[in-house]
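structure.cif, holding mmCIF, C-alpha atoms:
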```
data_run
loop_
_atom_site.label_atom_id
_atom_site.label_comp_id
_atom_site.auth_asym_id
_atom_site.auth_seq_id
_atom_site.Cartn_x
_atom_site.Cartn_y
_atom_site.Cartn_z
CA MET A 1 104.42 145.38 -2.53
CA MET A 2 107.36 146.38 -4.74
CA LEU A 3 109.79 144.44 -2.54
CA LEU A 4 107.60 141.34 -2.55
CA THR A 5 107.52 141.64 -6.34
CA GLU A 6 111.31 141.47 -6.18
CA THR A 7 111.00 138.19 -4.28
CA VAL A 8 108.69 136.72 -6.90
CA ALA A 9 110.94 137.90 -9.73
CA SER A 10 113.97 136.37 -8.03
CA PHE A 11 112.07 133.12 -7.45
CA VAL A 12 111.17 132.89 -11.15
CA HIS A 13 114.68 133.91 -12.24
CA THR A 14 116.31 131.24 -10.07
CA ARG A 15 113.93 128.49 -11.15
CA TRP A 16 114.35 129.37 -14.83
CA HIS A 17 118.13 129.48 -14.90
CA SER A 18 118.51 126.25 -12.92
CA ARG A 19 115.65 124.40 -14.58
CA ARG A 20 115.76 120.69 -15.26
CA GLY A 21 117.13 119.85 -18.67
CA LEU A 22 118.91 123.17 -19.31
CA ASP A 23 122.10 122.40 -21.21
CA ARG A 24 125.27 123.24 -19.25
CA ALA A 25 126.78 125.07 -22.23
CA ARG A 26 123.69 127.28 -22.57
CA PHE A 27 123.75 127.97 -18.84
CA GLU A 28 127.42 128.98 -18.96
CA ALA A 29 126.73 131.27 -21.93
CA TRP A 30 123.97 133.02 -19.94
CA GLN A 31 126.18 133.24 -16.84
CA HIS A 32 129.01 134.74 -18.91
CA ARG A 33 126.67 137.48 -20.21
CA ALA A 34 125.29 138.22 -16.73
CA LEU A 35 128.81 138.34 -15.26
CA HIS A 36 130.07 140.64 -18.03
CA LYS A 37 127.15 143.03 -17.45
CA TRP A 38 127.90 143.11 -13.71
CA LEU A 39 131.62 143.69 -14.29
CA THR A 40 130.81 146.53 -16.67
CA HIS A 41 128.07 148.27 -14.69
CA ASP A 42 128.43 147.40 -10.98
CA LEU A 43 132.06 146.61 -10.23
CA ARG A 44 133.45 150.15 -10.53
CA GLN A 45 130.76 151.69 -8.31
CA VAL A 46 132.92 151.02 -5.23
CA ALA A 47 136.27 152.64 -4.41
CA PHE A 48 138.33 149.45 -4.42
CA TYR A 49 137.51 148.76 -8.08
CA LYS A 50 137.08 152.32 -9.43
CA ASP A 51 140.02 151.90 -11.85
CA ALA A 52 139.70 148.14 -12.37
CA ALA A 53 139.46 146.50 -15.78
CA ALA A 54 136.11 144.89 -16.50
CA ARG A 55 137.74 141.48 -16.99
CA LEU A 56 137.39 138.96 -14.21
CA HIS A 57 140.82 137.35 -14.47
CA ASP A 58 142.54 140.76 -14.37
CA LEU A 59 141.09 141.43 -10.91
CA PRO A 60 143.11 140.69 -7.77
CA VAL A 61 142.16 137.79 -5.52
CA ILE A 62 140.93 139.19 -2.19
CA ASP A 63 140.29 137.54 1.15
CA LYS A 64 138.50 138.27 4.41
CA ALA A 65 141.40 140.27 5.81
CA THR A 66 141.38 142.57 2.76
CA LEU A 67 137.61 143.00 2.90
CA MET A 68 137.49 143.75 6.62
CA GLY A 69 140.55 146.02 6.47
CA ARG A 70 139.06 148.19 3.70
CA PHE A 71 135.37 147.53 4.27
CA ALA A 72 134.14 150.99 3.17
CA ASP A 73 135.94 150.60 -0.17
CA PHE A 74 133.86 147.54 -1.06
CA ASN A 75 130.34 148.99 -0.67
CA THR A 76 128.55 151.75 -2.55
CA HIS A 77 127.51 153.59 0.64
CA GLN A 78 131.12 153.70 1.88
CA ILE A 79 130.00 152.27 5.21
CA SER A 80 132.92 151.36 7.47
CA ALA A 81 133.31 148.22 9.55
CA ALA A 82 133.10 150.37 12.69
CA GLN A 83 129.75 151.79 11.54
CA VAL A 84 128.43 148.27 10.95
CA ARG A 85 129.47 147.15 14.42
CA THR A 86 127.75 150.19 15.95
CA ALA A 87 124.56 149.54 13.95
CA LEU A 88 124.52 145.91 15.05
CA GLU A 89 124.10 147.13 18.62
CA ALA A 90 120.95 149.01 17.56
CA ASP A 91 118.55 148.02 14.77
CA SER A 92 121.08 146.75 12.17
CA ARG A 93 120.17 149.59 9.82
CA ILE A 94 122.23 152.37 8.28
CA SER A 95 120.16 154.68 6.11
CA ASP A 96 118.28 152.43 3.69
CA VAL A 97 120.55 149.37 3.96
CA THR A 98 120.66 146.44 6.33
CA VAL A 99 123.91 145.38 7.95
CA GLY A 100 124.78 142.03 9.42
CA ALA A 101 127.54 139.82 10.70
CA SER A 102 128.54 136.21 11.04
CA THR A 103 128.32 134.66 14.48
CA GLY A 104 132.07 134.86 14.93
CA THR A 105 131.98 131.45 16.60
CA SER A 106 134.88 130.17 14.49
CA GLY A 107 137.04 133.30 14.39
CA HIS A 108 136.68 136.98 13.60
CA ARG A 109 133.20 138.13 12.65
CA GLY A 110 132.53 138.72 8.97
CA LEU A 111 130.39 141.77 8.14
CA PHE A 112 128.06 142.60 5.27
CA VAL A 113 125.75 145.30 3.97
CA ILE A 114 122.74 144.61 1.78
CA SER A 115 120.01 146.74 0.22
CA GLU A 116 116.29 146.15 0.65
CA ARG A 117 115.99 144.93 -2.94
CA GLU A 118 118.86 142.49 -2.45
CA ARG A 119 117.34 141.24 0.79
CA TYR A 120 114.10 140.27 -0.94
CA ARG A 121 116.02 138.97 -3.94
CA TRP A 122 117.91 136.67 -1.54
CA LEU A 123 114.59 135.46 -0.14
CA GLY A 124 113.25 134.59 -3.58
CA ASN A 125 116.50 132.81 -4.38
CA ILE A 126 116.49 130.59 -1.30
CA LEU A 127 112.77 129.81 -1.58
CA ALA A 128 113.26 128.76 -5.20
CA LYS A 129 116.05 126.40 -4.24
CA ALA A 130 114.86 125.01 -0.91
CA LEU A 131 111.04 125.14 -0.94
CA PRO A 132 109.78 125.54 -4.52
CA ASP A 133 107.07 122.91 -4.12
CA MET A 134 105.97 124.00 -0.65
CA ILE A 135 105.40 127.76 -0.81
CA TRP A 136 101.89 127.38 -2.25
CA GLN A 137 100.76 126.43 1.24
CA LYS A 138 101.70 128.31 4.37
CA GLN A 139 104.68 126.77 6.10
CA ARG A 140 105.93 126.95 9.67
CA VAL A 141 109.69 127.30 9.36
CA SER A 142 111.96 127.02 12.38
CA ILE A 143 115.39 128.63 12.11
CA LEU A 144 117.86 127.61 14.81
CA LEU A 145 121.01 129.72 14.69
CA PRO A 146 123.10 131.71 17.17
CA GLN A 147 121.54 134.96 15.95
CA GLY A 148 118.74 136.16 13.71
CA GLY A 149 118.58 139.18 11.47
CA ALA A 150 116.65 141.19 8.94
CA LEU A 151 117.31 138.61 6.22
CA TYR A 152 115.00 136.19 8.02
CA ASP A 153 112.50 138.88 9.00
CA SER A 154 111.76 139.50 5.31
CA ALA A 155 110.36 135.97 5.03
CA ARG A 156 107.50 136.86 7.38
CA LYS A 157 106.23 139.49 4.97
CA THR A 158 105.44 137.02 2.19
CA GLY A 159 102.30 135.76 3.91
CA ARG A 160 103.40 132.22 3.11
CA ILE A 161 105.85 131.63 5.94
CA ASP A 162 105.28 131.61 9.67
CA LEU A 163 108.86 131.96 10.83
CA GLY A 164 110.00 130.88 14.26
CA PHE A 165 113.54 131.87 15.23
CA PHE A 166 115.19 130.09 18.15
CA SER A 167 118.55 131.27 19.46
CA LEU A 168 121.06 128.47 19.95
CA ILE A 169 122.91 130.53 22.52
CA ASP A 170 119.97 130.14 24.91
CA GLY A 171 120.41 126.35 24.85
CA PRO A 172 117.84 123.69 23.91
CA GLU A 173 116.45 123.45 27.43
CA GLN A 174 115.19 127.03 26.96
CA TRP A 175 113.37 126.50 23.66
CA GLN A 176 112.49 122.80 23.40
CA SER A 177 108.93 123.32 24.61
CA ALA A 178 108.44 126.38 22.39
CA ILE A 179 109.61 124.68 19.20
CA GLU A 180 107.50 121.60 19.91
CA THR A 181 104.47 123.87 20.35
CA PHE A 182 105.35 125.73 17.14
CA ASP A 183 105.32 122.32 15.37
CA PRO A 184 107.41 123.34 12.35
CA THR A 185 106.88 121.86 8.89
CA VAL A 186 110.47 122.85 8.01
CA ILE A 187 113.52 122.96 10.27
CA VAL A 188 116.81 124.68 9.42
CA ALA A 189 119.53 124.05 12.00
CA PRO A 190 123.16 123.03 12.43
CA PRO A 191 123.59 119.25 12.20
CA LYS A 192 124.72 119.03 15.83
CA ILE A 193 121.34 120.49 16.89
CA LEU A 194 119.37 118.15 14.62
CA ARG A 195 121.34 115.24 16.06
CA HIS A 196 120.66 116.45 19.61
CA MET A 197 116.94 116.59 18.80
CA ALA A 198 117.11 113.03 17.52
CA GLU A 199 119.09 111.64 20.43
CA THR A 200 116.96 113.34 23.10
CA GLY A 201 113.61 112.63 21.45
CA PHE A 202 112.17 116.04 20.53
CA ALA A 203 108.46 115.69 19.67
CA LEU A 204 108.71 117.05 16.13
CA ALA A 205 107.51 115.77 12.75
CA PRO A 206 108.76 118.17 10.05
CA LYS A 207 108.21 117.55 6.36
CA ARG A 208 111.67 118.85 5.48
CA ILE A 209 114.90 119.21 7.45
CA PHE A 210 117.94 121.22 6.39
CA ALA A 211 121.42 121.18 7.88
CA ALA A 212 123.02 124.63 7.81
CA ALA A 213 125.72 126.82 9.36
CA GLU A 214 128.19 123.99 10.04
CA THR A 215 129.99 121.21 8.21
CA LEU A 216 127.72 118.20 7.79
CA ASP A 217 129.76 115.18 8.87
CA PRO A 218 128.74 111.75 7.50
CA ILE A 219 128.43 110.32 11.03
CA ASP A 220 125.54 112.69 11.85
CA ARG A 221 123.37 112.04 8.79
CA PRO A 222 122.09 108.50 9.55
CA ILE A 223 121.18 109.40 13.15
CA ILE A 224 119.18 112.44 12.04
CA GLU A 225 117.48 110.72 9.10
CA ALA A 226 116.54 107.64 11.12
CA TYR A 227 114.81 109.72 13.78
CA PHE A 228 112.93 112.16 11.57
CA GLN A 229 112.25 109.65 8.79
CA GLN A 230 113.24 112.34 6.30
CA THR A 231 116.15 112.82 3.93
CA LEU A 232 118.51 115.37 5.45
CA GLU A 233 118.99 118.26 3.03
CA GLN A 234 121.61 120.98 3.17
CA ILE A 235 121.82 124.75 2.84
CA TYR A 236 125.37 125.91 2.20
CA MET A 237 125.46 129.54 3.28
CA ALA A 238 127.98 131.96 4.73
CA THR A 239 128.33 135.66 5.47
CA GLU A 240 129.24 135.99 1.79
CA GLY A 241 125.81 134.75 0.71
CA LEU A 242 123.85 131.67 -0.30
CA LEU A 243 126.39 129.31 -1.87
CA GLY A 244 124.37 126.15 -2.48
CA VAL A 245 121.32 124.02 -1.69
CA THR A 246 120.62 120.32 -2.17
CA CYS A 247 118.18 119.19 -4.83
CA ARG A 248 115.42 116.70 -4.04
CA LEU A 249 117.82 113.85 -4.85
CA GLY A 250 120.04 115.01 -1.99
CA ARG A 251 122.91 116.36 -4.11
CA LEU A 252 124.31 119.75 -3.17
CA HIS A 253 124.31 122.22 -6.09
CA LEU A 254 126.30 125.46 -6.11
CA ALA A 255 124.34 128.70 -6.55
CA GLU A 256 125.90 129.46 -9.91
CA ASP A 257 122.80 131.39 -10.98
CA ALA A 258 124.01 134.21 -8.69
CA ILE A 259 127.69 133.45 -8.04
CA HIS A 260 130.57 132.69 -10.40
CA PHE A 261 132.94 130.10 -8.89
CA GLU A 262 136.64 129.61 -9.56
CA TYR A 263 138.62 126.87 -7.86
CA GLU A 264 142.07 126.59 -6.33
CA ALA A 265 143.40 123.05 -5.91
CA VAL A 266 144.28 122.18 -2.32
CA GLY A 267 145.26 118.50 -2.47
CA ASP A 268 143.60 115.12 -1.90
CA GLY A 269 141.15 115.99 -4.69
CA LEU A 270 139.77 119.05 -2.87
CA VAL A 271 139.40 122.65 -4.02
CA SER A 272 138.87 125.99 -2.31
CA PRO A 273 136.54 128.40 -4.15
CA LEU A 274 136.92 131.99 -5.27
CA ILE A 275 133.50 133.59 -5.55
CA THR A 276 132.19 136.54 -7.56
CA SER A 277 128.65 137.57 -6.59
CA PHE A 278 127.27 139.00 -9.82
CA ARG A 279 123.75 139.65 -8.50
CA ARG A 280 124.85 141.91 -5.65
CA SER A 281 125.51 145.59 -6.22
CA THR A 282 125.68 147.18 -2.75
CA GLN A 283 128.66 145.25 -1.41
CA ILE A 284 130.95 144.04 -4.16
CA LEU A 285 132.64 140.65 -3.90
CA ALA A 286 134.86 139.71 -6.82
CA ARG A 287 137.34 136.81 -6.78
CA TYR A 288 136.86 136.52 -3.01
CA ARG A 289 138.77 133.58 -1.55
CA MET A 290 136.59 131.44 0.65
CA ASN A 291 138.10 129.38 3.45
CA ASP A 292 136.07 126.31 2.52
CA LEU A 293 137.15 122.94 1.17
CA LEU A 294 134.92 121.32 -1.45
CA ARG A 295 134.94 117.96 -3.18
CA LEU A 296 133.36 118.60 -6.57
CA SER A 297 131.30 115.90 -8.25
CA ALA A 298 132.84 114.34 -11.33
CA GLN A 299 129.43 113.80 -12.95
CA PRO A 300 126.38 116.03 -13.34
CA CYS A 301 123.43 115.28 -11.09
CA THR A 302 120.66 113.09 -12.50
CA CYS A 303 118.13 115.67 -11.29
CA GLY A 304 118.84 117.49 -14.55
CA SER A 305 119.97 120.82 -13.07
CA PRO A 306 122.78 122.57 -14.97
CA LEU A 307 124.30 123.77 -11.67
CA ARG A 308 127.52 122.08 -10.61
CA ALA A 309 127.10 119.38 -7.98
CA VAL A 310 129.32 119.03 -4.91
CA ASP A 311 129.93 115.67 -3.26
CA GLU A 312 130.86 117.22 0.08
CA VAL A 313 131.71 120.44 1.86
CA VAL A 314 134.59 118.91 3.76
CA GLY A 315 135.43 121.74 6.12
CA ARG A 316 137.68 124.76 6.13
CA MET A 317 141.31 125.43 5.31
CA ASP A 318 141.78 126.15 9.02
CA ASP A 319 140.81 122.53 9.67
CA CYS A 320 143.80 121.17 7.73
CA PHE A 321 146.78 119.85 9.67
CA GLU A 322 150.20 121.18 8.61
CA PHE A 323 153.45 119.44 9.46
CA ASP A 324 157.14 119.68 8.70
CA ALA A 325 158.61 116.53 7.19
CA ALA A 326 161.85 115.44 5.57
CA GLY A 327 160.40 115.98 2.10
CA GLY A 328 158.97 119.41 2.92
CA ALA A 329 155.71 120.75 4.31
CA VAL A 330 152.82 118.26 4.55
CA LEU A 331 149.15 119.27 4.45
CA ILE A 332 146.47 116.76 5.51
CA THR A 333 142.85 117.67 4.85
CA PRO A 334 140.11 117.20 7.49
CA ASP A 335 138.22 114.46 5.62
CA VAL A 336 141.31 112.24 5.57
CA LEU A 337 141.88 112.80 9.29
CA ARG A 338 138.19 112.21 10.07
CA ASN A 339 138.13 108.96 8.10
CA ALA A 340 141.18 107.67 9.96
CA VAL A 341 139.36 108.07 13.29
CA LEU A 342 135.98 106.74 12.17
CA GLY A 343 137.51 103.86 10.25
CA ALA A 344 139.00 102.48 13.46
CA SER A 345 135.62 101.36 14.85
CA ILE A 346 131.92 101.63 14.01
CA ASP A 347 131.36 102.38 17.71
CA ILE A 348 132.98 105.82 17.34
CA THR A 349 130.23 108.32 16.52
CA ASP A 350 131.83 111.48 17.93
CA PHE A 351 135.35 112.76 18.43
CA ARG A 352 137.61 115.82 18.41
CA LEU A 353 141.00 115.74 16.69
CA CYS A 354 143.18 118.81 17.28
CA GLN A 355 146.65 119.78 16.13
CA ILE A 356 148.00 121.57 19.18
CA ALA A 357 151.60 122.00 17.99
CA ARG A 358 153.66 121.44 14.85
CA GLY A 359 154.52 117.93 16.03
CA LYS A 360 151.66 117.10 18.38
CA VAL A 361 148.06 115.95 17.87
CA LEU A 362 145.36 115.37 20.49
CA LEU A 363 142.50 112.90 19.96
CA ARG A 364 139.50 113.27 22.26
CA LEU A 365 136.90 110.50 22.39
CA PRO A 366 133.73 110.05 24.47
CA LEU A 367 133.82 107.93 27.61
CA THR A 368 131.40 105.51 25.93
CA VAL A 369 134.13 104.32 23.55
CA THR A 370 135.92 101.24 24.88
CA LYS A 371 139.59 101.54 25.79
CA GLY A 372 140.50 99.12 23.02
CA ASN A 373 138.61 101.04 20.33
CA ALA A 374 140.01 104.34 21.59
CA ARG A 375 143.53 102.98 21.40
CA GLY A 376 142.78 101.66 17.91
CA ALA A 377 141.69 105.13 16.75
CA GLN A 378 144.83 106.65 18.22
CA GLN A 379 146.95 104.13 16.34
CA ALA A 380 145.03 104.77 13.12
CA VAL A 381 145.86 108.49 13.28
CA ASP A 382 149.47 107.66 14.04
CA ARG A 383 149.65 105.31 11.01
CA LEU A 384 148.17 107.99 8.78
CA LEU A 385 150.75 110.55 9.86
CA ARG A 386 153.65 108.15 9.42
CA ALA A 387 152.36 107.17 5.97
CA ARG A 388 152.55 110.86 5.03
CA GLY A 389 156.14 111.07 6.31
CA VAL A 390 155.16 112.95 9.47
CA ASP A 391 156.82 112.30 12.82
CA ALA A 392 154.26 113.61 15.33
CA HIS A 393 153.01 112.41 18.70
CA VAL A 394 149.31 111.51 19.03
CA ASP A 395 147.89 111.93 22.53
CA LEU A 396 144.58 110.37 23.60
CA GLU A 397 141.97 111.67 26.04
CA GLN A 398 138.56 110.25 26.93
CA LEU A 399 136.05 112.65 28.41
CA SER A 400 132.51 113.91 28.05
CA LEU A 401 131.81 115.74 24.78
CA PRO A 402 128.77 117.86 25.65
CA LEU A 403 126.64 119.82 23.19
CA GLU A 404 128.12 123.29 22.66
CA THR A 405 125.77 126.00 21.41
CA THR A 406 128.03 129.05 21.68
CA ARG A 407 130.40 128.05 18.88
CA LYS A 408 130.45 125.97 15.73
CA LEU A 409 131.17 122.28 15.99
CA ARG A 410 134.53 121.42 14.43
CA ARG A 411 135.56 117.83 14.94
CA VAL A 412 138.90 118.36 13.18
CA ILE A 413 140.68 121.53 14.33
CA GLY A 414 143.93 122.74 12.82
CA MET A 415 146.62 124.54 14.71
CA PRO A 416 145.74 128.22 15.33
CA LYS A 417 147.50 130.57 12.92
CA ALA A 418 149.94 133.01 14.45
#
```
Go through the file and emit its structure as structure tokens.
Amino acid sequence: MMLLTETVASFVHTRWHSRRGLDRARFEAWQHRALHKWLTHDLRQVAFYKDAAARLHDLPVIDKATLMGRFADFNTHQISAAQVRTALEADSRISDVTVGASTGTSGHRGLFVISERERYRWLGNILAKALPDMIWQKQRVSILLPQGGALYDSARKTGRIDLGFFSLIDGPEQWQSAIETFDPTVIVAPPKILRHMAETGFALAPKRIFAAAETLDPIDRPIIEAYFQQTLEQIYMATEGLLGVTCRLGRLHLAEDAIHFEYEAVGDGLVSPLITSFRRSTQILARYRMNDLLRLSAQPCTCGSPLRAVDEVVGRMDDCFEFDAAGGAVLITPDVLRNAVLGASIDITDFRLCQIARGKVLLRLPLTVTKGNARGAQQAVDRLLRARGVDAHVDLEQLSLPLETTRKLRRVIGMPKA
């Protein structure tokens, strides 16, 4: 009962601090106080920050390599990465904390530890953002991800959610019948899975659909929305926590009620965030550099929320192409590359664009694209590169692009780092 009370308290807290009409200045003043309290009381409870100053901008910027290399120094239980990996093979528990990991489908697995209180606090937070008007009636929620975990199990204990988890690794042919029988009112899945459901005619009629776990490309949205006759919403979440959820107007809002965001400019109007999770006290994340690329909205959302709106989560830094040119190094972000391909023809609705060497790019298109349109897309990428002062060869392949469920879909893939 105490833990469910934590969920309710978190639900109310989240709704109150992101309420419609709250002035941005008042919100920032509250966030500053909450952040200062966390820096003063929670930060130094872990070894990495035991001698740190309680001023955010005096703290070092850390990244995934730092966190994974000194994992025990970032959590209050001094749990090592090796202990987490061992626990993941059992019941994902170490003492009174839950451990978890990312799928590792796009690189090395990220790890985390979270207390019971934080687990139920997370549940209240996501319910307040994604389903505030639906929790008064019992909902059947389908989660389609490569792996489940205790975070999702906590939802079953509310009495309001009948949760059905379906493993993507098994493949849709293994769970199509089961999910149709479950008849979910809410579906949370990667956009590639939602698109597959639409294109293959799954017999489903959810009231809400959320894209999660992968970049939502603009070419997928109209196909999904047309089939389900619902606005496609988005949950922006990573191993590091819940980072954002769309409002009912379809605008993605960052979870600034629990995370303080700083931004590093990348180019082409994009930023990469540094996050400080000031509502977590078991595993400390302060000025943690995410790998994501965001396009921030210039204007506040008309929904009235004080939380910053994001026009698009474009992809990851690893999706950028890097070249050597006469004027120096050239970085091209994935949205620019994607638009070059899609702008060549409205008949192109899927592709893969990979940088396979410093001076070589490979464009893969489905066999359904005509030779002329495929050649046009190849030329469009070539023109883009030359306009940026890059001398690189663009190869073209046409082949089947089947649904892949064992790794994240990345249509633009940068050259692997050494």
Item to check | Picked residues, the PyMOL selection byres ((chain A and resi 297) around 12), as a ChimeraX atom specification | outcome: /A:251-254,269-271,294-296,298-302,307-313
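Distance-wise, CA of Thr370 (chain A) and CA of His393 (chain A) end up 21.3 Å apart.
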Next on the checklist: Starting from the PyMOL selection byres ((chain A and resi 183) around 12), expand the selection into actual residues of this file and give them as a ChimeraX atom specification.
Outcome noted: /A:139-142,162-164,176-182,184-187,202-207
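You will find CA of Ser95 (chain A) at 17.5 Å from CA of Asp73 (chain A).
When only C-alpha atoms are used to compute distances to Glu322 (chain A), the closest of the residues A:Ala357, A:Ile224, A:Val336, A:Met134 turns out to be A:Ala357.
The interatomic distance for the pair CA of Pro222 (chain A) and CA of Ala255 (chain A) works out to 25.9 Å.
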Sorted by chain and rising residue number, list the residues of region 127-245 of chain A at most 9 Å from region 410-418 of chain A (counting all atoms listed in the file), each with its closest atom pair and distance in Å to one decimal, as a Markdown table.
```
| residue | atom | partner | partner_atom | distance |
| --- | --- | --- | --- | --- |
| A:Glu214 | CA | A:Arg410 | CA | 8.1 |
| A:Thr215 | CA | A:Arg410 | CA | 7.7 |
| A:Asp217 | CA | A:Arg411 | CA | 8.8 |
```
Could the residues in this selection be written to a file with C-alpha atoms, as a PDB file, in the frame of the given file?
```
ATOM      1  CA  GLU A 214     128.190 123.990  10.040  1.00  0.00           C
ATOM      2  CA  THR A 215     129.990 121.210   8.210  1.00  0.00           C
ATOM      3  CA  ASP A 217     129.760 115.180   8.870  1.00  0.00           C
TER       4      ASP A 217
END
```
Item to check | Selection as a ChimeraX atom specification: residues within 8 Å of (121.5, 129.2, 14.0), counting all atoms listed in the file | outcome: /A:143-148,166-168,188-190,212-213
Item to check | Contacts of Lys192 (chain A) at 8 Å (all atoms listed in the file; same-chain gap of 2+ positions) as a PyMOL selection string | outcome: chain A and resi 190+194-196+220+403+409
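Near (103.4, 129.7, 1.3), the residues inside the 10 Å limit, counting all atoms listed in the file, come to A:Leu127, A:Leu131, A:Pro132, A:Asp133, A:Met134, A:Ile135, A:Trp136, A:Gln137, A:Lys138, A:Gln139, A:Arg140, A:Thr158, A:Gly159, A:Arg160, A:Ile161, A:Asp162.
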For the structure just given, write the atoms of region 168-179 of chain A, namely N, CA and C atoms, as a compact mmCIF listing (two decimals), in the first residue's frame.
```txt
# COMPACT_ATOMS: atom_id res chain seq x y z
N LEU A 168 9.50 -8.49 -28.64
CA LEU A 168 9.75 -8.30 -30.06
C LEU A 168 10.69 -9.36 -30.62
N ILE A 169 11.57 -9.86 -29.78
CA ILE A 169 12.55 -10.83 -30.25
C ILE A 169 11.88 -12.09 -30.77
N ASP A 170 10.71 -12.41 -30.23
CA ASP A 170 9.99 -13.60 -30.69
C ASP A 170 9.44 -13.44 -32.11
N GLY A 171 9.27 -12.19 -32.56
CA GLY A 171 8.73 -11.96 -33.89
C GLY A 171 7.22 -11.89 -33.89
N PRO A 172 6.63 -11.03 -34.72
CA PRO A 172 5.18 -10.83 -34.72
C PRO A 172 4.37 -12.07 -35.04
N GLU A 173 4.92 -13.00 -35.79
CA GLU A 173 4.17 -14.21 -36.10
C GLU A 173 3.92 -15.03 -34.84
N GLN A 174 4.72 -14.82 -33.80
CA GLN A 174 4.56 -15.56 -32.55
C GLN A 174 3.51 -14.95 -31.63
N TRP A 175 3.28 -13.62 -31.74
CA TRP A 175 2.37 -12.99 -30.78
C TRP A 175 1.21 -12.23 -31.43
N GLN A 176 1.06 -12.29 -32.74
CA GLN A 176 -0.05 -11.57 -33.37
C GLN A 176 -1.40 -12.04 -32.83
N SER A 177 -1.61 -13.32 -32.79
CA SER A 177 -2.88 -13.85 -32.30
C SER A 177 -3.13 -13.47 -30.85
N ALA A 178 -2.07 -13.54 -30.03
CA ALA A 178 -2.21 -13.24 -28.60
C ALA A 178 -2.56 -11.78 -28.36
N ILE A 179 -1.93 -10.87 -29.10
CA ILE A 179 -2.22 -9.45 -28.87
C ILE A 179 -3.60 -9.09 -29.41
```
